[in-house]
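Novice: Here you go, entry36.cif (mmCIF, C-alpha atoms and all ligand atoms):
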```
data_input
#
loop_
_atom_site.label_atom_id
_atom_site.label_comp_id
_atom_site.auth_asym_id
_atom_site.auth_seq_id
_atom_site.Cartn_x
_atom_site.Cartn_y
_atom_site.Cartn_z
CA MET A 1 78.72 94.56 81.11
CA TYR A 2 82.18 94.93 82.52
CA ALA A 3 85.04 93.21 80.78
CA ARG A 4 87.43 91.84 83.42
CA ARG A 5 90.84 93.41 83.08
CA ILE A 6 93.58 90.85 83.04
CA VAL A 7 96.69 92.26 84.68
CA SER A 8 99.03 89.63 83.37
CA VAL A 9 99.18 86.03 82.36
CA SER A 10 100.73 83.77 84.93
CA ARG A 11 103.66 81.85 83.52
CA PRO A 12 105.55 78.90 85.05
CA LEU A 13 108.95 79.96 86.37
CA ALA A 14 110.65 77.43 84.09
CA SER A 15 109.57 79.45 81.09
CA ILE A 16 111.40 82.60 82.21
CA LYS A 17 114.34 83.12 79.90
CA THR A 18 117.74 82.49 81.48
CA VAL A 19 121.19 83.20 80.10
CA LYS A 20 123.50 80.18 80.12
CA ILE A 21 127.00 80.73 81.50
CA PRO A 22 129.63 78.27 80.16
CA ALA A 23 130.65 75.76 82.88
CA ALA A 24 134.40 76.36 82.36
CA PHE A 25 133.86 80.07 82.82
CA VAL A 26 131.98 79.53 86.08
CA GLN A 27 134.67 77.16 87.40
CA ARG A 28 137.44 79.66 86.60
CA ALA A 29 135.47 82.43 88.24
CA LEU A 30 134.88 80.35 91.38
CA LEU A 31 138.51 79.28 91.65
CA SER A 32 139.82 82.80 91.25
CA ASN A 33 137.51 84.09 94.03
CA GLY A 34 138.21 81.42 96.64
CA PRO A 35 135.64 79.59 98.76
CA ILE A 36 131.98 80.63 98.60
CA ARG A 37 130.91 82.33 101.84
CA ASN A 38 127.79 84.00 102.92
CA ASP A 39 129.70 87.27 103.23
CA PRO A 40 128.62 90.26 101.17
CA THR A 41 131.94 92.11 101.56
CA PRO A 42 133.69 92.15 98.16
CA THR A 43 136.92 90.12 98.00
CA ALA A 44 139.87 91.85 96.29
CA PRO A 45 141.05 90.03 93.11
CA LYS A 46 144.26 88.00 93.67
CA SER A 47 145.77 88.28 90.19
CA SER A 48 145.40 90.17 86.94
CA GLN A 49 143.77 87.06 85.45
CA SER A 50 141.03 87.00 88.09
CA SER A 51 140.63 90.73 87.62
CA VAL A 52 139.87 90.15 83.93
CA ASP A 53 137.42 87.40 84.88
CA ALA A 54 135.77 89.72 87.39
CA LYS A 55 135.24 92.23 84.58
CA LYS A 56 133.79 89.51 82.37
CA ILE A 57 131.49 88.41 85.19
CA SER A 58 130.32 91.91 85.83
CA SER A 59 129.59 92.46 82.13
CA LEU A 60 127.83 89.09 82.01
CA ILE A 61 125.68 90.11 84.98
CA SER A 62 124.81 93.35 83.19
CA ASP A 63 123.78 91.32 80.13
CA ILE A 64 121.64 89.04 82.29
CA LYS A 65 119.98 92.02 83.94
CA ALA A 66 119.40 93.74 80.61
CA SER A 67 117.77 90.68 79.10
CA ALA A 68 115.90 89.53 82.22
CA THR A 69 114.33 92.75 83.49
CA PRO A 70 111.75 93.30 80.73
CA LYS A 71 110.77 89.62 80.90
CA MET A 72 110.29 89.78 84.68
CA ALA A 73 108.17 92.88 84.37
CA GLN A 74 105.74 91.04 82.12
CA THR A 75 105.63 87.96 84.31
CA ILE A 76 103.60 87.36 87.44
CA THR A 77 105.67 85.00 89.54
CA PRO A 78 104.08 83.02 92.40
CA THR A 79 105.34 85.67 94.84
CA LEU A 80 103.96 88.59 92.85
CA SER A 81 100.66 86.82 92.25
CA LYS A 82 99.99 86.90 96.02
CA PHE A 83 99.83 90.69 95.78
CA THR A 84 96.89 90.57 93.35
CA LEU A 85 93.23 90.75 94.39
CA ASN A 86 91.64 88.45 91.84
CA ASP A 87 87.90 87.98 92.48
CA LYS A 88 87.95 90.16 95.60
CA VAL A 89 85.39 92.83 96.44
CA ALA A 90 86.53 95.86 98.43
CA VAL A 91 84.72 98.56 100.37
CA VAL A 92 86.69 101.77 100.95
CA THR A 93 85.23 104.32 103.35
CA GLY A 94 86.41 107.86 102.70
CA GLY A 95 87.28 106.67 99.20
CA ALA A 96 85.85 109.71 97.41
CA ARG A 97 89.08 111.68 97.76
CA GLY A 98 92.49 111.83 99.41
CA LEU A 99 94.30 108.81 100.81
CA GLY A 100 91.22 106.56 100.64
CA ASN A 101 90.72 107.40 96.98
CA SER A 102 94.36 106.73 96.17
CA ILE A 103 94.25 103.38 97.99
CA ALA A 104 91.03 102.51 96.11
CA ASP A 105 92.85 103.21 92.84
CA ALA A 106 95.72 100.91 93.88
CA LEU A 107 93.36 98.05 94.82
CA CYS A 108 91.69 98.32 91.41
CA ASP A 109 95.14 98.25 89.82
CA VAL A 110 95.85 94.73 91.12
CA ASN A 111 92.86 93.08 89.50
CA LEU A 112 90.11 93.76 92.02
CA LYS A 113 86.70 92.38 90.99
CA ALA A 114 84.59 95.31 92.25
CA LEU A 115 85.08 98.48 94.29
CA VAL A 116 82.50 100.12 96.55
CA ILE A 117 83.04 103.58 98.05
CA PHE A 118 81.26 104.80 101.18
CA ASP A 119 81.62 108.56 101.66
CA VAL A 120 79.61 111.65 102.57
CA LEU A 121 80.88 113.70 99.60
CA LYS A 122 78.45 113.00 96.76
CA GLN A 123 80.16 114.99 94.02
CA HIS A 124 83.61 113.54 94.75
CA GLY A 125 82.08 110.06 95.03
CA ASP A 126 80.36 110.34 91.64
CA GLU A 127 83.55 111.65 90.06
CA ALA A 128 85.55 108.78 91.58
CA VAL A 129 83.12 106.26 90.07
CA ILE A 130 83.51 107.74 86.58
CA GLU A 131 87.28 108.02 86.84
CA LEU A 132 87.96 104.54 88.27
CA THR A 133 85.45 102.78 85.99
CA LYS A 134 87.08 104.39 82.95
CA LYS A 135 90.58 103.63 84.14
CA PHE A 136 90.07 100.01 85.23
CA ASN A 137 86.88 98.83 83.53
CA ILE A 138 85.55 97.09 86.64
CA PRO A 139 82.31 97.79 88.53
CA VAL A 140 82.71 100.80 90.84
CA VAL A 141 79.80 101.83 93.06
CA PHE A 142 79.37 104.86 95.32
CA HIS A 143 77.10 104.96 98.37
CA GLN A 144 76.58 108.31 100.03
CA VAL A 145 76.95 107.18 103.59
CA ASP A 146 77.91 108.80 106.86
CA VAL A 147 80.03 106.21 108.67
CA ARG A 148 78.43 107.21 111.99
CA GLN A 149 74.98 106.11 110.84
CA LYS A 150 74.61 102.42 111.62
CA ASP A 151 71.45 101.96 109.53
CA SER A 152 72.78 103.59 106.37
CA VAL A 153 76.09 101.74 106.67
CA GLN A 154 74.18 98.45 107.09
CA ALA A 155 71.99 99.26 104.07
CA ALA A 156 75.06 100.00 101.92
CA VAL A 157 76.77 96.79 103.10
CA ASP A 158 73.61 94.77 102.31
CA ALA A 159 73.37 96.37 98.86
CA THR A 160 77.03 95.50 98.21
CA VAL A 161 76.55 91.87 99.22
CA SER A 162 73.40 91.52 97.13
CA GLU A 163 75.16 93.04 94.09
CA PHE A 164 78.55 91.31 94.34
CA GLY A 165 77.85 88.33 96.62
CA LYS A 166 80.43 89.17 99.31
CA ILE A 167 82.92 91.65 100.73
CA ASP A 168 86.55 90.55 101.10
CA ILE A 169 88.31 93.79 101.99
CA LEU A 170 87.43 96.84 104.07
CA VAL A 171 89.63 99.92 104.04
CA ALA A 172 88.40 102.38 106.69
CA ALA A 173 89.87 105.73 105.65
CA ALA A 174 86.96 108.07 106.43
CA GLY A 175 88.12 110.56 108.99
CA ILE A 176 88.33 114.21 109.96
CA ALA A 177 90.87 116.31 111.86
CA ASP A 178 90.57 119.22 114.27
CA SER A 179 93.80 121.05 114.91
CA ASN A 180 95.24 124.07 116.76
CA LEU A 181 92.62 123.67 119.48
CA PRO A 182 94.00 123.98 123.03
CA ALA A 183 92.42 121.37 125.30
CA GLU A 184 91.33 123.90 127.91
CA GLY A 185 88.88 125.47 125.46
CA TYR A 186 88.03 122.44 123.33
CA ASP A 187 84.29 122.35 122.72
CA VAL A 188 82.99 119.09 124.11
CA GLU A 189 80.46 118.65 121.30
CA MET A 190 83.27 118.99 118.72
CA PHE A 191 85.27 116.45 120.70
CA ARG A 192 82.35 113.99 120.65
CA ARG A 193 81.80 114.51 116.92
CA LEU A 194 85.39 113.76 115.97
CA ILE A 195 85.49 110.63 118.13
CA ASP A 196 82.18 109.59 116.60
CA ILE A 197 83.51 109.86 113.04
CA ASN A 198 87.07 108.62 113.46
CA LEU A 199 86.53 105.89 116.05
CA THR A 200 82.85 104.93 116.22
CA GLY A 201 82.50 105.27 112.42
CA THR A 202 85.38 102.86 111.92
CA PHE A 203 83.76 100.42 114.34
CA VAL A 204 80.29 100.72 112.75
CA CYS A 205 81.73 99.85 109.29
CA ALA A 206 83.96 97.08 110.64
CA GLN A 207 81.05 95.52 112.52
CA ALA A 208 78.69 95.58 109.52
CA VAL A 209 81.32 94.22 107.11
CA GLY A 210 82.69 91.76 109.69
CA ASN A 211 79.24 90.25 110.20
CA THR A 212 78.89 89.55 106.46
CA MET A 213 82.30 87.85 106.45
CA ILE A 214 81.41 85.78 109.52
CA LYS A 215 78.02 84.84 108.08
CA ALA A 216 79.54 83.84 104.74
CA ASN A 217 82.33 81.97 106.55
CA SER A 218 84.79 83.60 104.19
CA PRO A 219 88.16 85.15 105.04
CA GLY A 220 88.60 88.90 105.01
CA SER A 221 91.11 91.66 105.49
CA MET A 222 90.46 95.02 107.13
CA ILE A 223 92.78 98.00 107.06
CA PHE A 224 92.14 100.98 109.29
CA ILE A 225 93.82 104.28 108.45
CA ALA A 226 95.05 105.50 111.82
CA SER A 227 97.88 108.04 112.16
CA MET A 228 101.31 108.58 113.65
CA SER A 229 99.30 110.88 115.96
CA GLY A 230 98.14 107.66 117.62
CA HIS A 231 101.78 107.08 118.61
CA ILE A 232 103.23 110.54 119.26
CA VAL A 233 101.88 113.98 120.20
CA ASN A 234 102.16 116.30 117.20
CA TRP A 235 104.02 119.59 117.56
CA PRO A 236 103.39 122.52 117.63
CA GLN A 237 99.65 122.22 117.02
CA GLN A 238 97.31 121.17 119.79
CA GLN A 239 94.98 118.39 118.69
CA SER A 240 94.34 116.22 121.71
CA CYS A 241 91.09 114.81 120.37
CA TYR A 242 92.48 113.75 116.97
CA ASN A 243 95.51 112.14 118.60
CA ALA A 244 93.32 110.27 121.08
CA SER A 245 90.95 109.15 118.30
CA LYS A 246 93.81 107.65 116.28
CA ALA A 247 95.38 105.90 119.27
CA ALA A 248 91.94 104.38 119.82
CA VAL A 249 91.70 103.31 116.15
CA ILE A 250 95.02 101.46 116.49
CA MET A 251 93.80 99.66 119.62
CA LEU A 252 90.43 98.93 118.02
CA SER A 253 92.28 97.29 115.14
CA LYS A 254 94.31 95.12 117.52
CA SER A 255 91.23 94.19 119.56
CA LEU A 256 89.20 93.16 116.51
CA ALA A 257 92.21 91.27 115.14
CA ALA A 258 92.35 89.21 118.33
CA GLU A 259 88.59 88.61 118.44
CA TRP A 260 88.11 87.82 114.75
CA ALA A 261 91.21 85.74 114.00
CA ARG A 262 89.03 82.66 114.62
CA TYR A 263 86.82 83.79 111.73
CA ASN A 264 89.85 84.23 109.48
CA ILE A 265 89.37 87.99 109.42
CA ARG A 266 92.63 89.93 109.64
CA VAL A 267 92.65 93.50 110.92
CA ASN A 268 95.69 95.78 110.56
CA SER A 269 96.22 99.51 110.57
CA ILE A 270 98.39 102.04 108.78
CA SER A 271 99.69 105.10 110.62
CA PRO A 272 100.65 107.82 108.16
CA GLY A 273 102.73 110.84 109.06
CA TYR A 274 102.06 114.22 107.45
CA MET A 275 100.64 113.57 104.00
CA ASP A 276 100.02 116.11 101.27
CA THR A 277 96.22 115.82 101.07
CA ALA A 278 93.20 118.14 101.32
CA LEU A 279 93.10 117.50 105.07
CA ASN A 280 96.38 119.42 105.33
CA ARG A 281 95.78 121.97 102.56
CA VAL A 282 94.01 124.45 104.82
CA PRO A 283 95.36 128.00 105.29
CA ALA A 284 95.49 127.62 109.08
CA LEU A 285 98.17 124.93 108.71
CA ASP A 286 100.41 126.71 106.17
CA ALA A 287 102.93 128.12 108.64
CA GLN A 288 103.17 124.81 110.48
CA LYS A 289 104.00 122.75 107.40
CA LYS A 290 107.52 124.22 107.41
CA LEU A 291 108.00 122.97 110.97
CA TRP A 292 106.53 119.57 110.15
CA LYS A 293 109.01 119.13 107.32
CA GLU A 294 111.93 120.21 109.50
CA ARG A 295 110.98 117.59 112.09
CA THR A 296 110.64 114.87 109.44
CA PRO A 297 114.00 113.21 108.66
CA MET A 298 113.01 112.95 104.97
CA ASN A 299 112.23 116.70 105.03
CA ARG A 300 108.95 116.46 103.14
CA LEU A 301 105.29 115.52 103.43
CA GLY A 302 104.24 112.12 102.10
CA ASN A 303 102.75 111.90 98.63
CA VAL A 304 99.15 110.84 98.47
CA ASP A 305 100.05 107.47 96.92
CA GLU A 306 102.73 106.49 99.39
CA LEU A 307 100.45 104.26 101.49
CA ASN A 308 99.12 102.36 98.49
CA ASN A 309 101.54 99.47 98.28
CA LEU A 310 101.29 98.73 101.98
CA ALA A 311 97.50 98.75 101.71
CA VAL A 312 97.68 96.30 98.79
CA PHE A 313 100.03 94.10 100.80
CA MET A 314 97.72 94.13 103.84
CA ALA A 315 94.62 93.50 101.70
CA SER A 316 96.13 90.64 99.74
CA ASP A 317 97.28 87.09 100.38
CA ALA A 318 100.83 88.45 100.56
CA SER A 319 100.17 89.12 104.28
CA THR A 320 98.14 86.08 105.37
CA TYR A 321 99.95 85.70 108.74
CA MET A 322 99.78 89.39 109.60
CA THR A 323 97.06 90.65 111.91
CA GLY A 324 96.80 93.18 114.74
CA THR A 325 99.79 95.08 113.37
CA ASP A 326 100.15 98.82 112.91
CA VAL A 327 102.67 100.08 110.38
CA ILE A 328 103.93 103.67 110.51
CA ILE A 329 104.70 105.43 107.20
CA ASP A 330 105.97 108.87 108.18
CA GLY A 331 109.26 109.70 106.45
CA GLY A 332 110.95 108.88 109.75
CA TYR A 333 109.06 111.41 111.94
CA CYS A 334 108.55 108.99 114.83
CA THR A 335 112.23 108.04 114.99
CA TRP A 336 113.19 111.28 116.76
N1 LIG B 1 96.48 113.65 105.43
C1 LIG B 1 97.26 113.31 106.44
O1 LIG B 1 98.32 113.90 106.68
C2 LIG B 1 96.88 112.15 107.32
C3 LIG B 1 97.81 111.69 108.23
C4 LIG B 1 97.48 110.64 109.04
C5 LIG B 1 96.25 110.06 108.95
N2 LIG B 1 95.34 110.52 108.06
C6 LIG B 1 94.04 109.87 108.01
O2 LIG B 1 93.81 109.36 106.71
C7 LIG B 1 92.42 109.34 106.44
C8 LIG B 1 92.15 110.07 105.13
O3 LIG B 1 92.58 111.40 105.25
P1 LIG B 1 92.82 112.38 104.00
O4 LIG B 1 94.01 113.17 104.32
O5 LIG B 1 92.77 111.63 102.74
O6 LIG B 1 91.56 113.35 104.18
P2 LIG B 1 90.41 113.75 103.16
O7 LIG B 1 89.60 114.75 103.87
O8 LIG B 1 90.99 114.12 101.85
O9 LIG B 1 89.60 112.40 102.99
C9 LIG B 1 88.76 111.92 104.01
C10 LIG B 1 87.53 111.35 103.38
O10 LIG B 1 86.68 110.88 104.41
C11 LIG B 1 85.36 111.31 104.13
N3 LIG B 1 84.59 111.42 105.36
C12 LIG B 1 84.77 112.30 106.39
N4 LIG B 1 83.84 112.12 107.31
C13 LIG B 1 83.04 111.11 106.88
C14 LIG B 1 81.88 110.49 107.40
N5 LIG B 1 81.35 110.87 108.57
N6 LIG B 1 81.32 109.47 106.72
C15 LIG B 1 81.84 109.11 105.52
N7 LIG B 1 82.90 109.68 104.96
C16 LIG B 1 83.49 110.67 105.64
C17 LIG B 1 85.54 112.66 103.47
O11 LIG B 1 84.40 113.04 102.76
C18 LIG B 1 86.74 112.41 102.58
O12 LIG B 1 86.38 111.91 101.33
C19 LIG B 1 91.76 110.02 107.64
O13 LIG B 1 91.28 109.03 108.50
C20 LIG B 1 92.88 110.78 108.29
O14 LIG B 1 92.69 110.98 109.65
C21 LIG B 1 95.64 111.57 107.23
#
```
Please express what this file holds, its structure, as structure tokens.
Ligand SMILES: NC(=O)c1ccc[n+]([C@@H]2O[C@H](COP(=O)([O-])OP(=O)(O)OC[C@H]3O[C@@H](n4cnc5c(N)ncnc54)[C@H](O)[C@@H]3O)[C@@H](O)[C@H]2O)c1

Specialist:
Amino acid sequence: MYARRIVSVSRPLASIKTVKIPAAFVQRALLSNGPIRNDPTPTAPKSSQSSVDAKKISSLISDIKASATPKMAQTITPTLSKFTLNDKVAVVTGGARGLGNSIADALCDVNLKALVIFDVLKQHGDEAVIELTKKFNIPVVFHQVDVRQKDSVQAAVDATVSEFGKIDILVAAAGIADSNLPAEGYDVEMFRRLIDINLTGTFVCAQAVGNTMIKANSPGSMIFIASMSGHIVNWPQQQSCYNASKAAVIMLSKSLAAEWARYNIRVNSISPGYMDTALNRVPALDAQKKLWKERTPMNRLGNVDELNNLAVFMASDASTYMTGTDVIIDGGYCTW
């Protein structure tokens, strides 16, 4: 079977090595720097003596940092331990590739118990299972599921609960984009299809997973991948339907957060800016990428893993009082 991967051994804080500073040294240092104030502005040394002490202090601090950093890296403090997902089971829709796959990887990396991917892409899903199982040595399961199909989503959720006993986390990343489509000629069937995948699909998965959490009376965390397009209108491409779908995903997240807080289910969303994924690696968008970068204060697209730590935060007990919140990660695009 699967050997559980232990990320790190928790150690009491008292056992973390500290460097002792001689009391006389501390007193001299305090006296030479005047009263202690909560003021970060550096105070100029008053004499050559205090200047020497300041040098000693700074070298002492360097020594402390040099000796403490490797120890801290090996230690899970109470604060860091809240970012781990011990014994939690996660479902990631759209986890076969792209942002969903990268987030799935990050969840596994913080001691997840089991990962389940719902996606339409069978080959990518199978590859993700092999890769993540090898890398993390935890159970990873793939269900070929179209998030629009209520019955197949329900069947995959039931199979997950019967295999792992529960679902604690849902990341809803499955989504598609239509771009460069002026509204006056937008095919209504295409419009319906995109809304069905991005919005209704998110709801179908949230409802099925939410019902298992409610039934089991166990807390849960849901993270919807929305978009900065739910906040601003992208330029220069015309994509009214995508923008509307993501604005709706953000409001769906807030609505479910309000309704399900009484069940201890938290629902938050992440709104990425332009990210360097397959969704954007299509020839039709090549010329526009230059413009996107120019309009992004950080002058680049986001890397595929740059949502991961926020997703871990939202999924974990590090964010237990956070619900109904949308966080934009866009290199500053929405600031202008
Ligand atoms: N890439 C970006 O710049 C960007 C920016 C903002 C938001 N987003 C959002 O992030 C999410 C992931 O995007 P990505 O860039 O990784 O794209 P991607 O195409 O690489 O990944 C999307 C995944 O969703 C799956 N999927 C699509 N339709 C599905 C369906 N009906 N049922 C089940 N699975 C389905 C795909 O097979 C794919 O694995 C999407 O919701 C997207 O709208 C992306």

Novice: What is the distance, in Å and to one decimal place, between atom CA of Val171 of chain A and atom CA of Ala244 of chain A?

Specialist: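 Here the two named atoms are 20.3 Å from each other.
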
Novice: Around ligand LIG 1 (chain B), which protein and nucleic acid residues have at least one atom no more than 8 Å from it, if we count all atoms listed in the file? List them as a ChimeraX atom specification.

Specialist: /A:93-101,118-121,124-125,144-148,172-177,197-198,201,225-229,242,246,271-280,301-302,304

Novice: Could you tell me how far atom CA of Thr320 of chain A lies from atom CA of Leu80 of chain A, in Å and to one decimal?

Specialist: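 Computing the Euclidean distance for atom CA of Thr320 of chain A and atom CA of Leu80 of chain A yields 14.0 Å.
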
Novice: So that I can see what lies close to Thr296 of chain A, please list as a count of residues only the residues with an atom at most 8 Å from it, counting only C-alpha atoms and leaving out residues fewer than 2 positions away in the same chain.

Specialist: 10

Novice: Report, in Å with one decimal, the straight-line distance from atom CA of Asp168 of chain A to atom CA of Thr84 of chain A.

Specialist: 12.9 Å

Novice: Could you tell me which of A:Ser316, A:Thr323, A:Asn217, A:Asn86 comes closest to Ala258 of chain A if we count all atoms listed in the file?

Specialist: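 Among A:Ser316, A:Thr323, A:Asn217, A:Asn86, it is A:Thr323 that comes nearest to Ala258 of chain A.
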
Novice: Tell me which of A:Lys150, A:His231, A:Lys166, A:Lys215 sits closest to Phe203 of chain A, counting all atoms listed in the file.

Specialist: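 Residue with the minimum atom-to-atom distance to Phe203 of chain A: A:Lys150.
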
Novice: Kindly indicate which residue among A:Asn137, A:Thr79, A:Ser218, A:Gln123 lies nearest to Gly165 of chain A, using all atoms listed in the file for the distances.

Specialist: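 Closest to Gly165 of chain A, using all atoms listed in the file: A:Ser218.
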
Novice: Report as a short mmCIF file (atom, residue, chain, number, x, y, z; two decimals) with C-alpha atoms, in the coordinates of the input all protein, DNA and RNA residues lying within 6 Å of segment 111-115 of chain A, evaluated on all atoms listed in the file, omitting residues in the same chain fewer than 6 positions from it.

Specialist:
```
data_model
loop_
_atom_site.label_atom_id
_atom_site.label_comp_id
_atom_site.auth_asym_id
_atom_site.auth_seq_id
_atom_site.Cartn_x
_atom_site.Cartn_y
_atom_site.Cartn_z
CA LEU A 85 93.23 90.75 94.39
CA ASN A 86 91.64 88.45 91.84
CA ASP A 87 87.90 87.98 92.48
CA LYS A 88 87.95 90.16 95.60
CA VAL A 89 85.39 92.83 96.44
CA ALA A 90 86.53 95.86 98.43
CA ILE A 138 85.55 97.09 86.64
CA PRO A 139 82.31 97.79 88.53
CA VAL A 140 82.71 100.80 90.84
#
```

Novice: Using all atoms listed in the file for the distances, tell me which of A:Asn309, A:Ser255, A:Thr75, A:Ser240 is nearest to Pro182 of chain A.

Specialist: A:Ser240

Novice: When you look at Gln239 of chain A with a cut-off of 12 Å (counting all atoms listed in the file), what residues show up, excluding the ones that are within fewer than 3 positions of it in the same chain? I need them as a list in words.

Specialist: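 Near neighbours after the sequence-gap exclusion: Ile176, Ala177, Asp178, Ser179, Asn180, Leu181, Pro182, Ala183, Glu184, Gly185, Tyr186, Met190, Phe191, Leu194, Ser229, Gly230, Ile232, Val233, Asn234, Trp235, Pro236, Tyr242, Asn243, Ala244, Ser245 and Lys246 of chain A.
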
Novice: Pick from A:Lys135, A:Arg192, A:Arg266, A:His143: nearest to Asp317 of chain A, with all atoms listed in the file counted?

Specialist: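 Going through A:Lys135, A:Arg192, A:Arg266, A:His143 one by one, the smallest distance to Asp317 of chain A is for A:Arg266.
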